[in-house]
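What follows is a single structure, written as structure tokens, with notes after it.
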Amino acid sequence: MRTDIEFASNGVTLRGWLYRPDVSTDTAPLVVMTHGFAGVKEWVAPFAEVFRAAGLACLVYDHPGFGTSDGAPRFEVDPTAQIEGYRDAVTFAQTLDGIDPDRIAVWGTSYAGAHVLVVAATDRRVRAAVSQVPLTAGWATVTRLVPSVMLPTLHAAIAEDRAARLAGKPHTMIKAASDDPTELAAMPGLEVYEWLMANGPKARTWRNEVTLSSVDKFQSYAPEAFVSRVSPTPLLMIVAEQDTLTPTEVALRSYAEALEPKQLALVPGGHFAVYEEQFDRAAGVACDFLRHRLTA
């Protein structure tokens with residue numbers, strides 16, 4: 001029940017999979033889904049399988065520059081381009097046979113959990129939004145992940161990279177995660193490194209690298225400005241209770257700023273628990289929410 005798809009976004013071809021439910025209907029509701037920072041669509045696929053089994057179609061794809069999608073530079077995490085990708089995916093989904101163009105939701109995890117807040121706040125075609133273990137505040141999260149004594153070093157590296165690119169040199173690449181606390185990495189911490197090393201290589205297109213300019217864009221990203229604008233679109237936020245990558249307290253403050261209708265699901269564990277021991281719980285609550293909002 002999974003077929004390959006591709007669509008255009010800002011002149012770039014994005015590729016992914018379309019999941020259709022087992023039960024045949026004239027028009028099915030659909031969930032647009034994609035991965036987080038430095039990820040690939042394979043990490044999202046297990047959630048799509050749960051939703052498909054419950055009667056929801058799913059459109060799962062790679063962000064520009066990642067996985068099987070086109071886009072240059074490779075491994076550039078650009079929130080603006082990724083948000084446009086979501087909106088173009090919604091447009092593409094509305095053209096598909098057997099899909100109800102008026103019953104489309106967006107689901108995002110981690111960094112993409114921020115994107116769905118922006119998309120739902122600015123695109124009223126979206127009927128519901130699920131934001132899982134989300135980044136909800138760019139600078140607040142950067143200052144949690146990067147020690148204050150390291151910020152001057154980071155900013156100096158960003159400035160040097162900008163100067164090099166102006167001179168025609170390629171983007172500076174850094175590791176997405178590292179087990180060396182002294183090494184500049186996009187997502188510091190041993191927890192991140194161990195999870196990525198255990199799961200990333202399972203997808204042949206994954207690499208443990210991003211452009212340094214991805215971090216520059218990260219510190220400039222302010223999804224918190226859109227949280228209160230999601231309403232009246234229904235919002236489900238799934239937050240891990242011991243999340244240090246997208247800190248729990250930051251996400252909960254953002255949830256408090258969201259207006260009704262909204263729903264909060266707290267799950268035990270850290271950031272990656274939703275993909276592991278808490279997968280059934282996270283996928284289940286999202287599935288129930290989406291079915292209620294898209295099939296009621």
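Residue numbers start at 1 in each chain; chains themselves are named A, B, ... in the order of the structure tokens; ligands are numbered from 1 in the order shown.
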Hey, could you make a per-residue contact list for stretch 171-221 of chain A against stretch 51-67 of chain A with 10 Å as the cut-off, showing the nearest pair of atoms and its distance in Å to one decimal, counting only C-alpha atoms, sorted by chain and number, as a Markdown table?
```
| residue | atom | partner | partner_atom | distance |
| --- | --- | --- | --- | --- |
| A:Ala203 | CA | A:Gly67 | CA | 8.5 |
| A:Arg204 | CA | A:Gly67 | CA | 8.4 |
| A:Thr205 | CA | A:Gly67 | CA | 5.0 |
| A:Trp206 | CA | A:Gly67 | CA | 6.4 |
| A:Arg207 | CA | A:Phe66 | CA | 9.0 |
| A:Val210 | CA | A:Phe66 | CA | 9.8 |
```
- Query: If you run DSSP on this backbone, which residues of stretch 67-207 of chain A come out as strand (DSSP E or B), and could you give them as an MDAnalysis selection string?
  - Reply: chainID A and resid 99:109 126:132 173:175 185
- Hey, what's within 10 Å of stretch 110-118 of chain A if we count only C-alpha atoms and toss same-chain stuff fewer than 6 positions away? As a PyMOL selection string, please? chain A and resi 32-39+63+77+79-80+82-87+126+128-138+218+221-230+235+237-239+245-246+258+271-272
Kindly save the residues from that selection, with N, CA and C atoms included, as a compact mmCIF listing (two decimals), in the first residue's frame.
```
# COMPACT_ATOMS: atom_id res chain seq x y z
N VAL A 32 0.25 14.82 6.07
CA VAL A 32 1.55 15.16 5.50
C VAL A 32 2.59 15.05 6.61
N MET A 33 3.68 14.29 6.36
CA MET A 33 4.63 13.96 7.41
C MET A 33 6.06 14.05 6.88
N THR A 34 6.97 14.56 7.72
CA THR A 34 8.38 14.52 7.37
C THR A 34 9.23 14.54 8.63
N HIS A 35 10.53 14.42 8.43
CA HIS A 35 11.47 14.14 9.51
C HIS A 35 12.03 15.40 10.15
N GLY A 36 12.80 15.20 11.21
CA GLY A 36 13.40 16.29 11.94
C GLY A 36 14.79 16.66 11.44
N PHE A 37 15.52 17.37 12.27
CA PHE A 37 16.84 17.90 11.94
C PHE A 37 17.79 16.78 11.56
N ALA A 38 18.39 16.90 10.37
CA ALA A 38 19.39 15.93 9.89
C ALA A 38 18.85 14.51 9.79
N GLY A 39 17.54 14.38 9.61
CA GLY A 39 16.92 13.06 9.55
C GLY A 39 16.62 12.62 8.13
N HIS A 63 13.04 16.18 3.31
CA HIS A 63 13.26 17.61 3.12
C HIS A 63 14.24 17.86 1.97
N VAL A 77 20.05 22.35 6.52
CA VAL A 77 18.78 22.39 7.25
C VAL A 77 18.27 23.83 7.20
N PRO A 79 15.02 26.03 7.56
CA PRO A 79 13.62 25.98 7.99
C PRO A 79 12.65 26.64 7.01
N THR A 80 13.09 27.70 6.35
CA THR A 80 12.20 28.37 5.39
C THR A 80 11.87 27.44 4.24
N GLN A 82 12.06 24.21 4.26
CA GLN A 82 11.33 23.04 4.77
C GLN A 82 9.87 23.37 5.02
N ILE A 83 9.59 24.57 5.48
CA ILE A 83 8.20 25.00 5.67
C ILE A 83 7.49 25.08 4.31
N GLU A 84 8.17 25.63 3.32
CA GLU A 84 7.59 25.68 1.98
C GLU A 84 7.35 24.27 1.44
N GLY A 85 8.25 23.34 1.78
CA GLY A 85 8.06 21.95 1.38
C GLY A 85 6.76 21.39 1.93
N TYR A 86 6.48 21.66 3.20
CA TYR A 86 5.21 21.21 3.79
C TYR A 86 4.02 21.76 3.01
N ARG A 87 4.05 23.05 2.74
CA ARG A 87 2.90 23.68 2.08
C ARG A 87 2.74 23.17 0.65
N VAL A 126 -5.01 23.49 6.31
CA VAL A 126 -4.65 22.43 7.27
C VAL A 126 -5.76 22.27 8.29
N ALA A 128 -5.69 19.98 10.93
CA ALA A 128 -5.19 19.62 12.25
C ALA A 128 -3.68 19.53 12.19
N ALA A 129 -3.02 19.68 13.36
CA ALA A 129 -1.56 19.64 13.41
C ALA A 129 -1.11 18.84 14.62
N VAL A 130 -0.12 17.96 14.38
CA VAL A 130 0.52 17.20 15.45
C VAL A 130 1.98 17.60 15.51
N SER A 131 2.41 18.10 16.67
CA SER A 131 3.77 18.57 16.88
C SER A 131 4.40 17.69 17.95
N GLN A 132 5.29 16.78 17.53
CA GLN A 132 5.85 15.76 18.43
C GLN A 132 7.27 16.14 18.86
N VAL A 133 7.52 16.03 20.17
CA VAL A 133 8.80 16.44 20.79
C VAL A 133 9.38 17.65 20.07
N PRO A 134 8.63 18.76 20.02
CA PRO A 134 8.98 19.82 19.08
C PRO A 134 10.01 20.81 19.61
N LEU A 135 10.81 21.34 18.68
CA LEU A 135 11.48 22.60 18.89
C LEU A 135 10.39 23.66 18.85
N THR A 136 10.31 24.49 19.87
CA THR A 136 9.28 25.53 19.85
C THR A 136 9.87 26.93 19.99
N ALA A 137 11.16 27.05 20.30
CA ALA A 137 11.80 28.35 20.43
C ALA A 137 13.26 28.20 20.02
N GLY A 138 13.65 28.84 18.94
CA GLY A 138 14.98 28.65 18.39
C GLY A 138 16.11 29.08 19.32
N PHE A 218 19.34 27.86 12.42
CA PHE A 218 18.70 27.37 13.63
C PHE A 218 18.57 28.50 14.66
N TYR A 221 15.80 31.00 13.89
CA TYR A 221 14.44 30.47 13.71
C TYR A 221 13.61 30.76 14.96
N ALA A 222 12.41 31.30 14.75
CA ALA A 222 11.56 31.69 15.87
C ALA A 222 10.14 31.15 15.70
N PRO A 223 9.96 29.83 15.77
CA PRO A 223 8.60 29.28 15.64
C PRO A 223 7.67 29.73 16.75
N GLU A 224 8.24 30.18 17.88
CA GLU A 224 7.41 30.62 19.00
C GLU A 224 6.49 31.77 18.61
N ALA A 225 6.87 32.51 17.58
CA ALA A 225 6.04 33.64 17.14
C ALA A 225 4.72 33.20 16.54
N PHE A 226 4.60 31.91 16.21
CA PHE A 226 3.41 31.41 15.51
C PHE A 226 2.49 30.56 16.38
N VAL A 227 2.94 30.23 17.59
CA VAL A 227 2.20 29.26 18.41
C VAL A 227 0.77 29.72 18.66
N SER A 228 0.58 30.95 19.06
CA SER A 228 -0.77 31.41 19.40
C SER A 228 -1.64 31.59 18.16
N ARG A 229 -1.03 31.57 16.98
CA ARG A 229 -1.78 31.76 15.73
C ARG A 229 -2.29 30.45 15.14
N VAL A 230 -1.89 29.31 15.70
CA VAL A 230 -2.37 28.04 15.18
C VAL A 230 -3.89 27.95 15.29
N LEU A 235 -4.67 21.55 17.62
CA LEU A 235 -3.25 21.24 17.80
C LEU A 235 -3.09 20.17 18.87
N MET A 237 0.14 18.54 20.90
CA MET A 237 1.56 18.61 21.17
C MET A 237 1.96 17.42 22.04
N ILE A 238 2.91 16.64 21.56
CA ILE A 238 3.41 15.47 22.30
C ILE A 238 4.78 15.83 22.84
N VAL A 239 4.91 15.85 24.16
CA VAL A 239 6.13 16.32 24.82
C VAL A 239 6.71 15.21 25.68
N LEU A 245 16.99 17.72 24.44
CA LEU A 245 17.32 18.21 23.10
C LEU A 245 16.37 19.33 22.67
N THR A 246 15.08 19.09 22.79
CA THR A 246 14.08 20.15 22.66
C THR A 246 13.45 20.25 24.05
N ALA A 258 -0.35 28.46 23.39
CA ALA A 258 -1.28 28.09 22.32
C ALA A 258 -2.72 28.27 22.79
N HIS A 271 14.08 12.64 24.62
CA HIS A 271 13.65 13.06 23.29
C HIS A 271 13.36 11.89 22.37
N PHE A 272 14.18 10.85 22.43
CA PHE A 272 14.06 9.75 21.48
C PHE A 272 13.15 8.63 21.94
```
- Task: Quick one: pick out all helix (DSSP H, G or I) residues within stretch 51-187 of chain A from a backbone DSSP run and write them as an MDAnalysis selection string.
- Result: chainID A and resid 51:53 79:93 111:122 138:145 148:166
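Close contacts of A:Asp100, defined as residues with an atom at most 9 Å away when counting only C-alpha atoms, with chain neighbours fewer than 2 positions off set aside, comprise Asp26, Thr27, Ala28, Pro29, Leu30, Ala93, Gln94, Leu96, Asp97, Gly98, Asp102, Arg103 and Ile104 of chain A.
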- Message: What's around stretch 2-9 of chain A at 7 Å? Count only C-alpha atoms, leave out sequence neighbours fewer than 3 positions away in its own chain, and write the answer as a list in words.
- Response: Val12, Thr13, Leu14, Arg15, Gly16, Trp17, Leu18, Tyr19, Arg20, Glu84, Gly85, Asp88 and Phe92 of chain A
Preceding selection exported with N, CA, C and O atoms as a PDB file, in the first residue's frame:
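File produced: part_38.pdb:
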```
ATOM      1  N   VAL A  12      12.725  22.537  -6.678  1.00  0.00           N
ATOM      2  CA  VAL A  12      13.454  21.336  -6.253  1.00  0.00           C
ATOM      3  C   VAL A  12      12.478  20.167  -6.206  1.00  0.00           C
ATOM      4  O   VAL A  12      11.342  20.321  -5.753  1.00  0.00           O
ATOM      5  N   THR A  13      12.903  19.011  -6.668  1.00  0.00           N
ATOM      6  CA  THR A  13      12.061  17.816  -6.609  1.00  0.00           C
ATOM      7  C   THR A  13      12.224  17.135  -5.263  1.00  0.00           C
ATOM      8  O   THR A  13      13.341  16.767  -4.865  1.00  0.00           O
ATOM      9  N   LEU A  14      11.108  17.014  -4.543  1.00  0.00           N
ATOM     10  CA  LEU A  14      11.089  16.307  -3.262  1.00  0.00           C
ATOM     11  C   LEU A  14      10.459  14.935  -3.487  1.00  0.00           C
ATOM     12  O   LEU A  14       9.478  14.812  -4.218  1.00  0.00           O
ATOM     13  N   ARG A  15      11.019  13.923  -2.847  1.00  0.00           N
ATOM     14  CA  ARG A  15      10.565  12.545  -3.072  1.00  0.00           C
ATOM     15  C   ARG A  15      10.179  11.882  -1.768  1.00  0.00           C
ATOM     16  O   ARG A  15      10.719  12.195  -0.707  1.00  0.00           O
ATOM     17  N   GLY A  16       9.241  10.951  -1.890  1.00  0.00           N
ATOM     18  CA  GLY A  16       8.801  10.237  -0.707  1.00  0.00           C
ATOM     19  C   GLY A  16       7.868   9.115  -1.038  1.00  0.00           C
ATOM     20  O   GLY A  16       7.937   8.531  -2.134  1.00  0.00           O
ATOM     21  N   TRP A  17       6.974   8.821  -0.105  1.00  0.00           N
ATOM     22  CA  TRP A  17       6.057   7.693  -0.230  1.00  0.00           C
ATOM     23  C   TRP A  17       4.635   8.142   0.072  1.00  0.00           C
ATOM     24  O   TRP A  17       4.393   8.974   0.955  1.00  0.00           O
ATOM     25  N   LEU A  18       3.696   7.551  -0.654  1.00  0.00           N
ATOM     26  CA  LEU A  18       2.281   7.736  -0.373  1.00  0.00           C
ATOM     27  C   LEU A  18       1.734   6.433   0.180  1.00  0.00           C
ATOM     28  O   LEU A  18       1.834   5.384  -0.467  1.00  0.00           O
ATOM     29  N   TYR A  19       1.173   6.484   1.373  1.00  0.00           N
ATOM     30  CA  TYR A  19       0.527   5.334   2.005  1.00  0.00           C
ATOM     31  C   TYR A  19      -0.979   5.500   1.861  1.00  0.00           C
ATOM     32  O   TYR A  19      -1.528   6.542   2.231  1.00  0.00           O
ATOM     33  N   ARG A  20      -1.619   4.481   1.337  1.00  0.00           N
ATOM     34  CA  ARG A  20      -3.081   4.503   1.243  1.00  0.00           C
ATOM     35  C   ARG A  20      -3.649   3.472   2.203  1.00  0.00           C
ATOM     36  O   ARG A  20      -3.081   2.386   2.374  1.00  0.00           O
ATOM     37  N   GLU A  84       8.169  25.631   3.317  1.00  0.00           N
ATOM     38  CA  GLU A  84       7.590  25.678   1.976  1.00  0.00           C
ATOM     39  C   GLU A  84       7.352  24.270   1.442  1.00  0.00           C
ATOM     40  O   GLU A  84       6.377  24.021   0.733  1.00  0.00           O
ATOM     41  N   GLY A  85       8.252  23.343   1.785  1.00  0.00           N
ATOM     42  CA  GLY A  85       8.059  21.953   1.382  1.00  0.00           C
ATOM     43  C   GLY A  85       6.764  21.386   1.927  1.00  0.00           C
ATOM     44  O   GLY A  85       6.014  20.692   1.216  1.00  0.00           O
ATOM     45  N   ASP A  88       3.853  22.928  -0.028  1.00  0.00           N
ATOM     46  CA  ASP A  88       3.771  22.361  -1.370  1.00  0.00           C
ATOM     47  C   ASP A  88       3.312  20.907  -1.320  1.00  0.00           C
ATOM     48  O   ASP A  88       2.640  20.429  -2.247  1.00  0.00           O
ATOM     49  N   PHE A  92       0.199  19.371  -3.325  1.00  0.00           N
ATOM     50  CA  PHE A  92       0.313  18.144  -4.110  1.00  0.00           C
ATOM     51  C   PHE A  92      -0.711  17.108  -3.656  1.00  0.00           C
ATOM     52  O   PHE A  92      -1.374  16.461  -4.485  1.00  0.00           O
TER      53      PHE A  92
END
```
- Which polymer residues have any atom within 10 Å of an atom of A:Leu266, counting only C-alpha atoms, with same-chain residues fewer than 2 positions away left out, as a VMD selection string? chain A and resid 133 237 to 242 248 252 264 268 to 269 281 to 282
So that I have them on file, write out the residues from the current selection with N, CA and C atoms, as a short mmCIF file (atom, residue, chain, number, x, y, z; two decimals), in the first residue's frame.
```
data_model
loop_
_atom_site.label_atom_id
_atom_site.label_comp_id
_atom_site.auth_asym_id
_atom_site.auth_seq_id
_atom_site.Cartn_x
_atom_site.Cartn_y
_atom_site.Cartn_z
N VAL A 133 7.52 16.03 20.17
CA VAL A 133 8.80 16.44 20.79
C VAL A 133 9.38 17.65 20.07
N MET A 237 0.14 18.54 20.90
CA MET A 237 1.56 18.61 21.17
C MET A 237 1.96 17.42 22.04
N ILE A 238 2.91 16.64 21.56
CA ILE A 238 3.41 15.47 22.30
C ILE A 238 4.78 15.83 22.84
N VAL A 239 4.91 15.85 24.16
CA VAL A 239 6.13 16.32 24.82
C VAL A 239 6.71 15.21 25.68
N ALA A 240 8.02 15.00 25.56
CA ALA A 240 8.71 14.02 26.41
C ALA A 240 9.07 14.67 27.74
N GLU A 241 8.86 13.95 28.82
CA GLU A 241 9.00 14.53 30.15
C GLU A 241 10.44 14.83 30.54
N GLN A 242 11.40 14.13 29.94
CA GLN A 242 12.81 14.36 30.26
C GLN A 242 13.60 14.74 29.00
N THR A 248 11.95 20.11 27.65
CA THR A 248 10.57 19.93 28.08
C THR A 248 9.93 21.23 28.52
N LEU A 252 6.64 23.13 27.02
CA LEU A 252 5.43 23.31 27.83
C LEU A 252 5.03 24.79 27.93
N LEU A 264 -2.58 18.22 24.99
CA LEU A 264 -1.21 17.92 25.39
C LEU A 264 -1.11 16.46 25.79
N PRO A 268 6.69 9.59 29.10
CA PRO A 268 7.92 9.43 29.89
C PRO A 268 9.15 9.33 28.98
N GLY A 269 10.30 9.70 29.56
CA GLY A 269 11.55 9.50 28.84
C GLY A 269 12.08 10.74 28.17
N ARG A 281 2.72 4.58 22.47
CA ARG A 281 1.95 5.64 23.15
C ARG A 281 1.88 6.90 22.28
N ALA A 282 3.03 7.32 21.75
CA ALA A 282 3.07 8.55 20.94
C ALA A 282 2.28 8.38 19.65
#
```
- Query: So which residues touch A:Phe47 within 9 Å, counting only C-alpha atoms, skipping near sequence neighbours fewer than 3 positions away, as a list of chain:residue names?
  - Reply: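 What passes the distance filter is A:Trp43, A:Val44, A:Val50, A:Phe51, A:Arg52, A:Tyr275, A:Phe279, A:Ala282, A:Ala283, A:Cys287.
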Write the residues of the preceding selection, restricted to all heavy atoms, as a short mmCIF file (atom, residue, chain, number, x, y, z; two decimals), in the first residue's frame.
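Done, and the output landed in out.cif:
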```cif
data_model
loop_
_atom_site.label_atom_id
_atom_site.label_comp_id
_atom_site.auth_asym_id
_atom_site.auth_seq_id
_atom_site.Cartn_x
_atom_site.Cartn_y
_atom_site.Cartn_z
N TRP A 43 12.72 7.40 9.23
CA TRP A 43 12.44 7.53 10.66
C TRP A 43 10.96 7.83 10.93
O TRP A 43 10.48 7.61 12.03
CB TRP A 43 13.30 8.63 11.26
CG TRP A 43 14.79 8.39 11.16
CD1 TRP A 43 15.40 7.26 10.68
CD2 TRP A 43 15.83 9.28 11.52
NE1 TRP A 43 16.76 7.41 10.74
CE2 TRP A 43 17.06 8.63 11.24
CE3 TRP A 43 15.85 10.57 12.06
CZ2 TRP A 43 18.31 9.23 11.49
CZ3 TRP A 43 17.08 11.16 12.30
CH2 TRP A 43 18.30 10.50 12.02
N VAL A 44 10.28 8.33 9.92
CA VAL A 44 8.87 8.70 10.05
C VAL A 44 7.95 7.55 9.65
O VAL A 44 6.81 7.45 10.11
CB VAL A 44 8.59 9.95 9.18
CG1 VAL A 44 7.11 10.30 9.18
CG2 VAL A 44 9.42 11.13 9.66
N VAL A 50 1.16 3.14 11.27
CA VAL A 50 0.10 3.12 12.28
C VAL A 50 -1.10 3.91 11.78
O VAL A 50 -2.25 3.47 11.89
CB VAL A 50 0.61 3.70 13.61
CG1 VAL A 50 -0.54 3.88 14.61
CG2 VAL A 50 1.68 2.79 14.21
N PHE A 51 -0.86 5.09 11.24
CA PHE A 51 -1.96 5.93 10.77
C PHE A 51 -2.69 5.28 9.59
O PHE A 51 -3.91 5.33 9.50
CB PHE A 51 -1.42 7.31 10.35
CG PHE A 51 -0.70 8.07 11.45
CD1 PHE A 51 0.16 9.10 11.13
CD2 PHE A 51 -0.87 7.75 12.78
CE1 PHE A 51 0.82 9.81 12.12
CE2 PHE A 51 -0.21 8.44 13.79
CZ PHE A 51 0.65 9.48 13.44
N ARG A 52 -1.92 4.66 8.69
CA ARG A 52 -2.53 4.00 7.53
C ARG A 52 -3.45 2.87 7.96
O ARG A 52 -4.56 2.70 7.43
CB ARG A 52 -1.43 3.45 6.61
CG ARG A 52 -1.95 2.81 5.34
CD ARG A 52 -0.89 1.97 4.65
NE ARG A 52 -0.51 0.83 5.47
CZ ARG A 52 -1.20 -0.30 5.57
NH1 ARG A 52 -2.33 -0.44 4.91
NH2 ARG A 52 -0.78 -1.27 6.33
N TYR A 275 10.39 7.34 19.62
CA TYR A 275 10.75 6.44 18.52
C TYR A 275 11.07 5.04 19.01
O TYR A 275 11.22 4.12 18.20
CB TYR A 275 11.98 6.97 17.78
CG TYR A 275 11.90 8.42 17.38
CD1 TYR A 275 12.62 9.39 18.09
CD2 TYR A 275 11.11 8.83 16.32
CE1 TYR A 275 12.56 10.72 17.72
CE2 TYR A 275 11.04 10.16 15.95
CZ TYR A 275 11.77 11.10 16.66
OH TYR A 275 11.69 12.43 16.31
N PHE A 279 7.00 4.52 21.62
CA PHE A 279 6.44 4.65 20.27
C PHE A 279 4.95 4.37 20.23
O PHE A 279 4.17 5.15 19.65
CB PHE A 279 7.17 3.70 19.30
CG PHE A 279 6.51 3.62 17.96
CD1 PHE A 279 6.70 4.61 17.01
CD2 PHE A 279 5.65 2.57 17.64
CE1 PHE A 279 6.07 4.55 15.77
CE2 PHE A 279 5.02 2.50 16.41
CZ PHE A 279 5.22 3.50 15.46
N ALA A 282 3.03 7.32 21.75
CA ALA A 282 3.07 8.55 20.94
C ALA A 282 2.28 8.38 19.65
O ALA A 282 1.51 9.26 19.26
CB ALA A 282 4.52 8.92 20.64
N ALA A 283 2.47 7.25 18.98
CA ALA A 283 1.75 7.00 17.73
C ALA A 283 0.26 6.85 17.98
O ALA A 283 -0.58 7.32 17.20
CB ALA A 283 2.30 5.77 17.03
N CYS A 287 -2.67 9.14 16.49
CA CYS A 287 -3.64 8.48 15.61
C CYS A 287 -5.07 8.79 16.06
O CYS A 287 -5.93 9.12 15.24
CB CYS A 287 -3.39 6.98 15.62
SG CYS A 287 -4.36 6.08 14.41
#
```
- Message: Under the rule that only C-alpha atoms are counted, which of A:Gly11, A:Ser148, A:Asp161, A:Pro261 is the nearest residue to A:Ala81?
- Response: A:Gly11
- Pick out the closest residue to A:Pro181 from this set: A:Pro101, A:Pro147, A:Pro73, A:Pro247. Count only C-alpha atoms.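 Among A:Pro101, A:Pro147, A:Pro73, A:Pro247, it is A:Pro147 that comes nearest to A:Pro181.
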- How many Å separate atom CA of A:Gly270 from atom CA of A:Thr244? 6.9 Å
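For the choices A:His171, A:Val106, A:Glu42, A:Asn10, the atom-to-atom distance to A:Phe289 is smallest for A:Val106 when using only C-alpha atoms.
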- Query: Quick one: distance from atom CA of A:Ala185 to atom CA of A:Pro201 in Å, one decimal?
  - Reply: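 Separation of atom CA of A:Ala185 and atom CA of A:Pro201: 17.9 Å.
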- Length of the atom CA of A:Val119 to atom CA of A:Thr95 vector [Å]: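 So the answer is 18.9 Å.
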